[in-house]
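Structure file coords-v9.pdb (PDB, N, CA and C atoms) follows.
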```pdb
ATOM      1  N   MET H 928      51.663  57.236 440.039
ATOM      2  CA  MET H 928      51.153  57.785 438.803
ATOM      3  C   MET H 928      51.484  59.277 438.749
ATOM      4  N   ASN H 929      51.857  59.725 437.585
ATOM      5  CA  ASN H 929      52.139  61.137 437.353
ATOM      6  C   ASN H 929      50.872  61.829 436.878
ATOM      7  N   GLN H 930      50.441  62.838 437.614
ATOM      8  CA  GLN H 930      49.228  63.590 437.279
ATOM      9  C   GLN H 930      49.553  65.070 437.353
ATOM     10  N   PRO H 931      49.435  65.813 436.233
ATOM     11  CA  PRO H 931      49.709  67.251 436.284
ATOM     12  C   PRO H 931      48.671  67.984 437.118
ATOM     13  N   ASP H 932      49.092  69.094 437.720
ATOM     14  CA  ASP H 932      48.163  69.943 438.474
ATOM     15  C   ASP H 932      47.242  70.671 437.505
ATOM     16  N   ASN H 933      46.040  70.958 437.971
ATOM     17  CA  ASN H 933      45.081  71.726 437.179
ATOM     18  C   ASN H 933      44.801  73.053 437.853
ATOM     19  N   LEU H 934      44.727  74.116 437.067
ATOM     20  CA  LEU H 934      44.239  75.402 437.546
ATOM     21  C   LEU H 934      42.758  75.232 437.838
ATOM     22  N   THR H 935      42.298  75.709 438.982
ATOM     23  CA  THR H 935      40.884  75.615 439.330
ATOM     24  C   THR H 935      40.203  76.962 439.130
ATOM     25  N   VAL H 936      38.893  76.954 439.064
ATOM     26  CA  VAL H 936      38.142  78.195 438.932
ATOM     27  C   VAL H 936      38.394  79.083 440.148
ATOM     28  N   GLY H 937      38.511  78.482 441.339
ATOM     29  CA  GLY H 937      38.802  79.266 442.545
ATOM     30  C   GLY H 937      40.129  79.987 442.449
ATOM     31  N   GLU H 938      41.160  79.300 441.954
ATOM     32  CA  GLU H 938      42.462  79.939 441.778
ATOM     33  C   GLU H 938      42.392  81.034 440.718
ATOM     34  N   LEU H 939      41.636  80.793 439.671
ATOM     35  CA  LEU H 939      41.460  81.798 438.633
ATOM     36  C   LEU H 939      40.759  83.034 439.190
ATOM     37  N   ARG H 940      39.733  82.826 440.006
ATOM     38  CA  ARG H 940      39.023  83.958 440.616
ATOM     39  C   ARG H 940      39.961  84.780 441.496
ATOM     40  N   LYS H 941      40.819  84.115 442.279
ATOM     41  CA  LYS H 941      41.786  84.830 443.125
ATOM     42  C   LYS H 941      42.736  85.656 442.262
ATOM     43  N   PHE H 942      43.197  85.070 441.167
ATOM     44  CA  PHE H 942      44.112  85.792 440.285
ATOM     45  C   PHE H 942      43.417  86.997 439.670
ATOM     46  N   LEU H 943      42.182  86.811 439.208
ATOM     47  CA  LEU H 943      41.442  87.928 438.617
ATOM     48  C   LEU H 943      41.195  89.029 439.638
ATOM     49  N   ALA H 944      40.948  88.667 440.887
ATOM     50  CA  ALA H 944      40.760  89.677 441.943
ATOM     51  C   ALA H 944      42.037  90.484 442.137
ATOM     52  N   GLN H 945      43.195  89.847 442.033
ATOM     53  CA  GLN H 945      44.468  90.553 442.177
ATOM     54  C   GLN H 945      44.673  91.563 441.042
ATOM     55  N   LEU H 946      44.094  91.278 439.873
ATOM     56  CA  LEU H 946      44.243  92.189 438.735
ATOM     57  C   LEU H 946      43.555  93.517 438.967
ATOM     58  N   GLU H 947      42.605  93.563 439.888
ATOM     59  CA  GLU H 947      41.913  94.819 440.207
ATOM     60  C   GLU H 947      42.890  95.883 440.712
ATOM     61  N   ASN H 948      44.018  95.451 441.274
ATOM     62  CA  ASN H 948      45.032  96.366 441.813
ATOM     63  C   ASN H 948      46.113  96.712 440.796
ATOM     64  N   GLU H 949      45.950  96.255 439.562
ATOM     65  CA  GLU H 949      46.933  96.524 438.513
ATOM     66  C   GLU H 949      46.353  97.563 437.551
ATOM     67  N   PRO H 950      46.770  98.826 437.657
ATOM     68  CA  PRO H 950      46.170  99.880 436.826
ATOM     69  C   PRO H 950      46.394  99.683 435.326
ATOM     70  N   GLU H 951      47.437  98.969 434.930
ATOM     71  CA  GLU H 951      47.701  98.770 433.504
ATOM     72  C   GLU H 951      46.804  97.691 432.897
ATOM     73  N   ILE H 952      46.138  96.898 433.733
ATOM     74  CA  ILE H 952      45.267  95.816 433.260
ATOM     75  C   ILE H 952      43.835  96.336 433.267
ATOM     76  N   ASN H 953      43.182  96.265 432.095
ATOM     77  CA  ASN H 953      41.801  96.738 431.995
ATOM     78  C   ASN H 953      41.001  95.793 431.101
ATOM     79  N   ASP H 954      39.775  96.160 430.796
ATOM     80  CA  ASP H 954      38.901  95.287 430.001
ATOM     81  C   ASP H 954      39.411  95.058 428.581
ATOM     82  N   GLU H 955      40.332  95.866 428.125
ATOM     83  CA  GLU H 955      40.873  95.721 426.771
ATOM     84  C   GLU H 955      42.205  94.952 426.745
ATOM     85  N   THR H 956      42.710  94.540 427.904
ATOM     86  CA  THR H 956      43.979  93.815 427.964
ATOM     87  C   THR H 956      43.826  92.452 427.292
ATOM     88  N   LYS H 957      44.702  92.145 426.365
ATOM     89  CA  LYS H 957      44.658  90.881 425.621
ATOM     90  C   LYS H 957      45.182  89.719 426.488
ATOM     91  N   ILE H 958      44.705  88.519 426.201
ATOM     92  CA  ILE H 958      45.150  87.302 426.874
ATOM     93  C   ILE H 958      45.772  86.397 425.822
ATOM     94  N   PHE H 959      46.947  85.850 426.138
ATOM     95  CA  PHE H 959      47.667  84.976 425.213
ATOM     96  C   PHE H 959      47.995  83.652 425.897
ATOM     97  N   LEU H 960      48.340  82.663 425.085
ATOM     98  CA  LEU H 960      48.776  81.357 425.552
ATOM     99  C   LEU H 960      50.242  81.191 425.180
ATOM    100  N   ASP H 961      51.077  80.868 426.157
ATOM    101  CA  ASP H 961      52.495  80.596 425.892
ATOM    102  C   ASP H 961      52.631  79.108 425.608
ATOM    103  N   THR H 962      52.896  78.770 424.370
ATOM    104  CA  THR H 962      52.999  77.368 423.954
ATOM    105  C   THR H 962      54.422  76.825 424.074
ATOM    106  N   GLY H 963      55.353  77.687 424.501
ATOM    107  CA  GLY H 963      56.738  77.252 424.609
ATOM    108  C   GLY H 963      57.560  77.538 423.364
ATOM    109  N   TRP H 964      56.909  77.988 422.298
ATOM    110  CA  TRP H 964      57.632  78.344 421.083
ATOM    111  C   TRP H 964      58.101  79.790 421.201
ATOM    112  N   ASP H 965      58.585  80.357 420.124
ATOM    113  CA  ASP H 965      59.151  81.704 420.156
ATOM    114  C   ASP H 965      58.100  82.794 420.304
ATOM    115  N   SER H 966      56.876  82.534 419.903
ATOM    116  CA  SER H 966      55.837  83.547 420.001
ATOM    117  C   SER H 966      54.731  83.055 420.932
ATOM    118  N   ILE H 967      53.899  83.998 421.381
ATOM    119  CA  ILE H 967      52.743  83.631 422.186
ATOM    120  C   ILE H 967      51.529  83.573 421.257
ATOM    121  N   GLN H 968      50.520  82.798 421.634
ATOM    122  CA  GLN H 968      49.384  82.567 420.746
ATOM    123  C   GLN H 968      48.134  83.277 421.238
ATOM    124  N   GLU H 969      47.427  83.888 420.302
ATOM    125  CA  GLU H 969      46.173  84.553 420.605
ATOM    126  C   GLU H 969      45.136  83.526 421.056
ATOM    127  N   ILE H 970      44.223  83.967 421.919
ATOM    128  CA  ILE H 970      43.102  83.133 422.335
ATOM    129  C   ILE H 970      41.842  83.811 421.818
ATOM    130  N   SER H 971      41.077  83.108 421.033
ATOM    131  CA  SER H 971      39.859  83.643 420.434
ATOM    132  C   SER H 971      38.836  83.999 421.506
ATOM    133  N   PRO H 972      38.086  85.086 421.324
ATOM    134  CA  PRO H 972      37.078  85.477 422.313
ATOM    135  C   PRO H 972      36.028  84.397 422.573
ATOM    136  N   ASP H 973      35.777  83.516 421.594
ATOM    137  CA  ASP H 973      34.788  82.453 421.786
ATOM    138  C   ASP H 973      35.442  81.120 422.170
ATOM    139  N   ALA H 974      36.663  81.170 422.704
ATOM    140  CA  ALA H 974      37.415  79.959 423.029
ATOM    141  C   ALA H 974      36.985  79.296 424.329
ATOM    142  N   LEU H 975      36.269  80.005 425.189
ATOM    143  CA  LEU H 975      35.888  79.447 426.493
ATOM    144  C   LEU H 975      34.567  78.702 426.420
ATOM    145  N   SER H 976      34.520  77.540 427.065
ATOM    146  CA  SER H 976      33.274  76.785 427.137
ATOM    147  C   SER H 976      33.290  75.898 428.377
ATOM    148  N   VAL H 977      32.103  75.478 428.787
ATOM    149  CA  VAL H 977      31.962  74.508 429.865
ATOM    150  C   VAL H 977      31.663  73.170 429.200
ATOM    151  N   GLU H 978      32.450  72.174 429.506
ATOM    152  CA  GLU H 978      32.346  70.853 428.877
ATOM    153  C   GLU H 978      32.330  69.780 429.957
ATOM    154  N   GLU H 979      32.137  68.541 429.526
ATOM    155  CA  GLU H 979      32.264  67.393 430.418
ATOM    156  C   GLU H 979      33.528  66.637 430.040
ATOM    157  N   ALA H 980      34.273  66.226 431.049
ATOM    158  CA  ALA H 980      35.527  65.511 430.831
ATOM    159  C   ALA H 980      35.599  64.319 431.776
ATOM    160  N   GLN H 981      36.492  63.411 431.438
ATOM    161  CA  GLN H 981      36.677  62.200 432.226
ATOM    162  C   GLN H 981      38.173  61.896 432.273
ATOM    163  N   SER H 982      38.643  61.421 433.419
ATOM    164  CA  SER H 982      40.069  61.140 433.563
ATOM    165  C   SER H 982      40.427  59.791 432.950
ATOM    166  N   PHE H 983      41.706  59.675 432.566
ATOM    167  CA  PHE H 983      42.228  58.423 432.037
ATOM    168  C   PHE H 983      43.656  58.233 432.533
ATOM    169  N   GLN H 984      44.158  57.027 432.375
ATOM    170  CA  GLN H 984      45.549  56.715 432.685
ATOM    171  C   GLN H 984      46.157  56.041 431.468
ATOM    172  N   ILE H 985      47.423  56.341 431.226
ATOM    173  CA  ILE H 985      48.135  55.724 430.122
ATOM    174  C   ILE H 985      49.528  55.337 430.611
ATOM    175  N   GLU H 986      50.035  54.239 430.108
ATOM    176  CA  GLU H 986      51.350  53.754 430.534
ATOM    177  C   GLU H 986      52.371  54.032 429.448
ATOM    178  N   ASP H 987      53.522  54.574 429.845
ATOM    179  CA  ASP H 987      54.637  54.765 428.932
ATOM    180  C   ASP H 987      55.204  53.391 428.593
ATOM    181  N   LEU H 988      55.262  53.072 427.318
ATOM    182  CA  LEU H 988      55.692  51.737 426.912
ATOM    183  C   LEU H 988      57.154  51.457 427.239
ATOM    184  N   LEU H 989      57.977  52.494 427.306
ATOM    185  CA  LEU H 989      59.399  52.289 427.581
ATOM    186  C   LEU H 989      59.700  52.208 429.074
ATOM    187  N   THR H 990      59.141  53.120 429.853
ATOM    188  CA  THR H 990      59.464  53.182 431.279
ATOM    189  C   THR H 990      58.427  52.499 432.163
ATOM    190  N   HIS H 991      57.275  52.192 431.584
ATOM    191  CA  HIS H 991      56.149  51.594 432.320
ATOM    192  C   HIS H 991      55.613  52.508 433.419
ATOM    193  N   GLU H 992      55.944  53.806 433.344
ATOM    194  CA  GLU H 992      55.359  54.774 434.258
ATOM    195  C   GLU H 992      53.924  55.041 433.826
ATOM    196  N   SER H 993      53.070  55.299 434.803
ATOM    197  CA  SER H 993      51.673  55.598 434.538
ATOM    198  C   SER H 993      51.460  57.104 434.597
ATOM    199  N   PHE H 994      50.762  57.637 433.604
ATOM    200  CA  PHE H 994      50.474  59.062 433.527
ATOM    201  C   PHE H 994      48.970  59.262 433.447
ATOM    202  N   GLY H 995      48.484  60.279 434.138
ATOM    203  CA  GLY H 995      47.067  60.585 434.115
ATOM    204  C   GLY H 995      46.785  61.817 433.295
ATOM    205  N   GLY H 996      45.583  61.887 432.778
ATOM    206  CA  GLY H 996      45.153  63.039 432.014
ATOM    207  C   GLY H 996      43.642  63.079 431.958
ATOM    208  N   TYR H 997      43.114  63.982 431.162
ATOM    209  CA  TYR H 997      41.675  64.135 430.996
ATOM    210  C   TYR H 997      41.335  64.173 429.518
ATOM    211  N   SER H 998      40.153  63.715 429.194
ATOM    212  CA  SER H 998      39.649  63.729 427.839
ATOM    213  C   SER H 998      38.215  64.239 427.863
ATOM    214  N   LEU H 999      37.823  65.001 426.843
ATOM    215  CA  LEU H 999      36.425  65.366 426.724
ATOM    216  C   LEU H 999      35.608  64.085 426.575
ATOM    217  N   THR H1000      34.390  64.072 427.082
ATOM    218  CA  THR H1000      33.602  62.838 427.072
ATOM    219  C   THR H1000      33.395  62.296 425.665
ATOM    220  N   GLU H1001      33.351  63.177 424.661
ATOM    221  CA  GLU H1001      33.159  62.682 423.296
ATOM    222  C   GLU H1001      34.362  61.884 422.788
ATOM    223  N   LYS H1002      35.510  62.027 423.454
ATOM    224  CA  LYS H1002      36.717  61.277 423.078
ATOM    225  C   LYS H1002      37.132  60.294 424.167
ATOM    226  N   ALA H1003      36.298  60.141 425.184
ATOM    227  CA  ALA H1003      36.658  59.340 426.356
ATOM    228  C   ALA H1003      36.857  57.867 426.022
ATOM    229  N   GLU H1004      36.038  57.328 425.149
ATOM    230  CA  GLU H1004      36.166  55.909 424.808
ATOM    231  C   GLU H1004      37.511  55.632 424.136
ATOM    232  N   LYS H1005      37.916  56.512 423.256
ATOM    233  CA  LYS H1005      39.205  56.374 422.558
ATOM    234  C   LYS H1005      40.366  56.350 423.550
ATOM    235  N   MET H1006      40.254  57.129 424.648
ATOM    236  CA  MET H1006      41.324  57.230 425.632
ATOM    237  C   MET H1006      41.155  56.229 426.785
ATOM    238  N   ASN H1007      40.164  55.354 426.701
ATOM    239  CA  ASN H1007      39.878  54.397 427.779
ATOM    240  C   ASN H1007      39.683  55.111 429.112
ATOM    241  N   SER H1008      38.965  56.212 429.071
ATOM    242  CA  SER H1008      38.693  56.975 430.292
ATOM    243  C   SER H1008      37.800  56.167 431.220
ATOM    244  N   ASN H1009      38.082  56.286 432.519
ATOM    245  CA  ASN H1009      37.292  55.498 433.468
ATOM    246  C   ASN H1009      36.942  56.268 434.737
ATOM    247  N   GLY H1010      37.319  57.508 434.835
ATOM    248  CA  GLY H1010      37.026  58.304 436.021
ATOM    249  C   GLY H1010      35.624  58.878 435.958
ATOM    250  N   PRO H1011      35.218  59.544 437.016
ATOM    251  CA  PRO H1011      33.893  60.172 437.005
ATOM    252  C   PRO H1011      33.834  61.311 435.992
ATOM    253  N   ILE H1012      32.676  61.544 435.439
ATOM    254  CA  ILE H1012      32.488  62.660 434.509
ATOM    255  C   ILE H1012      32.395  63.945 435.328
ATOM    256  N   GLU H1013      33.183  64.944 434.928
ATOM    257  CA  GLU H1013      33.255  66.218 435.644
ATOM    258  C   GLU H1013      32.946  67.360 434.690
ATOM    259  N   LYS H1014      32.333  68.422 435.213
ATOM    260  CA  LYS H1014      32.202  69.664 434.452
ATOM    261  C   LYS H1014      33.535  70.397 434.547
ATOM    262  N   VAL H1015      34.032  70.870 433.420
ATOM    263  CA  VAL H1015      35.314  71.569 433.385
ATOM    264  C   VAL H1015      35.206  72.801 432.488
ATOM    265  N   LEU H1016      36.071  73.767 432.723
ATOM    266  CA  LEU H1016      36.180  74.943 431.878
ATOM    267  C   LEU H1016      37.275  74.659 430.853
ATOM    268  N   VAL H1017      36.957  74.823 429.571
ATOM    269  CA  VAL H1017      37.890  74.498 428.495
ATOM    270  C   VAL H1017      38.231  75.767 427.721
ATOM    271  N   ILE H1018      39.507  75.951 427.444
ATOM    272  CA  ILE H1018      39.970  76.986 426.534
ATOM    273  C   ILE H1018      40.366  76.267 425.244
ATOM    274  N   ARG H1019      39.606  76.460 424.211
ATOM    275  CA  ARG H1019      39.895  75.800 422.921
ATOM    276  C   ARG H1019      41.065  76.517 422.261
ATOM    277  N   ASN H1020      42.045  75.743 421.871
ATOM    278  CA  ASN H1020      43.240  76.247 421.204
ATOM    279  C   ASN H1020      43.383  75.454 419.921
ATOM    280  N   LEU H1021      42.616  75.838 418.898
ATOM    281  CA  LEU H1021      42.505  75.021 417.690
ATOM    282  C   LEU H1021      43.194  75.655 416.494
ATOM    283  N   TYR H1022      44.441  76.016 416.645
ATOM    284  CA  TYR H1022      45.186  76.562 415.505
ATOM    285  C   TYR H1022      45.648  75.453 414.624
TER     286      TYR H1022
END
```

Can you present the structure in this file as C-alpha cells?
Amino acid sequence: MNQPDNLTVGELRKFLAQLENEPEINDETKIFLDTGWDSIQEISPDALSVEEAQSFQIEDLLTHESFGGYSLTEKAEKMNSNGPIEKVLVIRNLY
C-alpha cells in the first residue's frame, strides 16, 4: 500500500526551534503554502485547528494499487474510513 509521509508536531517543533537561529525570521514573517502552481498561497491566521481524523484505503481502478489517506471524522463514512480515530493538526486551505 502507498501511504504518504506526514509531518508530525515533533518535527514541526524541531523546525521552529531552528528558526530561532535565523535573524531574518521573526514574528511578522508570513507563511505560505506551495500548491505547485506558479504562485504560493496565503494561509489565513485562523487556518489552524485540532480535529479528529481516521485513515482509509482506496484502490486505483486501473492499476489495482492500494493508496492510504486520512479523512476528517465528519467525512469518514463517505471515504469508508476504518482506522483508529486520531487527533490531528489541520491547516485549512479553503480557497

Mind giving me the straight-line distance from atom N of H:Ile985 to atom N of H:Gly1010 in Å, one decimal? 10.8 Å

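Using only C-alpha atoms, the smallest distance between any of H:Thr990, H:Gln981, H:Asn1020, H:Asn933 and H:Asn1007 comes from H:Gln981.
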
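With atom CA of H:Val977 on one side and atom CA of H:Pro950 on the other, the separation reads 29.9 Å.
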
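The coordinates place atom CA of H:Ile970 at 20.9 Å from atom CA of H:Tyr997.
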
Under the rule of at most 8 Å, produce a per-residue listing of stretch 944-1001 of chain H near stretch 937-940 of chain H: chain, number, name, the closest pair of atoms, and the distance in Å, as CSV, using only N, CA and C atoms.
```
residue,atom,partner,partner_atom,distance
H:Ala944,N,H:Arg940,C,4.1
H:Gln945,N,H:Arg940,C,6.0
H:Leu946,N,H:Arg940,C,7.9
```

Name the residues of stretch 929-1022 of chain H that come out as strand (DSSP E) in a backbone DSSP run; write them as a count of residues only. 31

Selected by the PyMOL selection byres ((chain H and resi 995) around 6) in the shown coordinates: which residues, as a PyMOL selection string? chain H and resi 928-931+983-985+993-994+996-997

Quick one: residues within 9 Å of H:Leu999, only C-alpha atoms counted, chain neighbours fewer than 6 positions away excluded, as a short mmCIF file (atom, residue, chain, number, x, y, z; two decimals) with N, CA and C atoms, keeping the file's coordinate frame?
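And here's out_28.cif as it stands now:
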```
data_model
loop_
_atom_site.label_atom_id
_atom_site.label_comp_id
_atom_site.auth_asym_id
_atom_site.auth_seq_id
_atom_site.Cartn_x
_atom_site.Cartn_y
_atom_site.Cartn_z
N GLU H 978 32.45 72.17 429.51
CA GLU H 978 32.35 70.85 428.88
C GLU H 978 32.33 69.78 429.96
N GLU H 979 32.14 68.54 429.53
CA GLU H 979 32.26 67.39 430.42
C GLU H 979 33.53 66.64 430.04
N ALA H 980 34.27 66.23 431.05
CA ALA H 980 35.53 65.51 430.83
C ALA H 980 35.60 64.32 431.78
N GLN H 981 36.49 63.41 431.44
CA GLN H 981 36.68 62.20 432.23
C GLN H 981 38.17 61.90 432.27
N SER H 982 38.64 61.42 433.42
CA SER H 982 40.07 61.14 433.56
C SER H 982 40.43 59.79 432.95
#
```

If you run DSSP on this backbone, which residues of chain H come out as alpha helix (DSSP H), and could you give them as an mmCIF file with N, CA and C atoms, keeping the file's coordinate frame?
```cif
data_model
loop_
_atom_site.group_PDB
_atom_site.id
_atom_site.type_symbol
_atom_site.label_atom_id
_atom_site.label_comp_id
_atom_site.auth_asym_id
_atom_site.auth_seq_id
_atom_site.Cartn_x
_atom_site.Cartn_y
_atom_site.Cartn_z
ATOM 1 N N VAL H 936 38.893 76.954 439.064
ATOM 2 C CA VAL H 936 38.142 78.195 438.932
ATOM 3 C C VAL H 936 38.394 79.083 440.148
ATOM 4 N N GLY H 937 38.511 78.482 441.339
ATOM 5 C CA GLY H 937 38.802 79.266 442.545
ATOM 6 C C GLY H 937 40.129 79.987 442.449
ATOM 7 N N GLU H 938 41.160 79.300 441.954
ATOM 8 C CA GLU H 938 42.462 79.939 441.778
ATOM 9 C C GLU H 938 42.392 81.034 440.718
ATOM 10 N N LEU H 939 41.636 80.793 439.671
ATOM 11 C CA LEU H 939 41.460 81.798 438.633
ATOM 12 C C LEU H 939 40.759 83.034 439.190
ATOM 13 N N ARG H 940 39.733 82.826 440.006
ATOM 14 C CA ARG H 940 39.023 83.958 440.616
ATOM 15 C C ARG H 940 39.961 84.780 441.496
ATOM 16 N N LYS H 941 40.819 84.115 442.279
ATOM 17 C CA LYS H 941 41.786 84.830 443.125
ATOM 18 C C LYS H 941 42.736 85.656 442.262
ATOM 19 N N PHE H 942 43.197 85.070 441.167
ATOM 20 C CA PHE H 942 44.112 85.792 440.285
ATOM 21 C C PHE H 942 43.417 86.997 439.670
ATOM 22 N N LEU H 943 42.182 86.811 439.208
ATOM 23 C CA LEU H 943 41.442 87.928 438.617
ATOM 24 C C LEU H 943 41.195 89.029 439.638
ATOM 25 N N ALA H 944 40.948 88.667 440.887
ATOM 26 C CA ALA H 944 40.760 89.677 441.943
ATOM 27 C C ALA H 944 42.037 90.484 442.137
ATOM 28 N N GLN H 945 43.195 89.847 442.033
ATOM 29 C CA GLN H 945 44.468 90.553 442.177
ATOM 30 C C GLN H 945 44.673 91.563 441.042
ATOM 31 N N LEU H 946 44.094 91.278 439.873
ATOM 32 C CA LEU H 946 44.243 92.189 438.735
ATOM 33 C C LEU H 946 43.555 93.517 438.967
#
```

Where's the centre, and what are the edge lengths in Å to one decimal, of a box along x, y and z enclosing all listed atoms of stretch 986-993 of chain H padded 4 Å per side, as AutoDock Vina command-line options?
```
--center_x 54.9 --center_y 54.3 --center_z 430.9 --size_x 17.7 --size_y 13.6 --size_z 15.9
```

Every residue with an atom at most 7 Å from (38.5, 73.4, 431.6) (file coordinates; only N, CA and C atoms) is what I'm after, so could you write them as a PyMOL selection string? chain H and resi 976-978+1014-1018
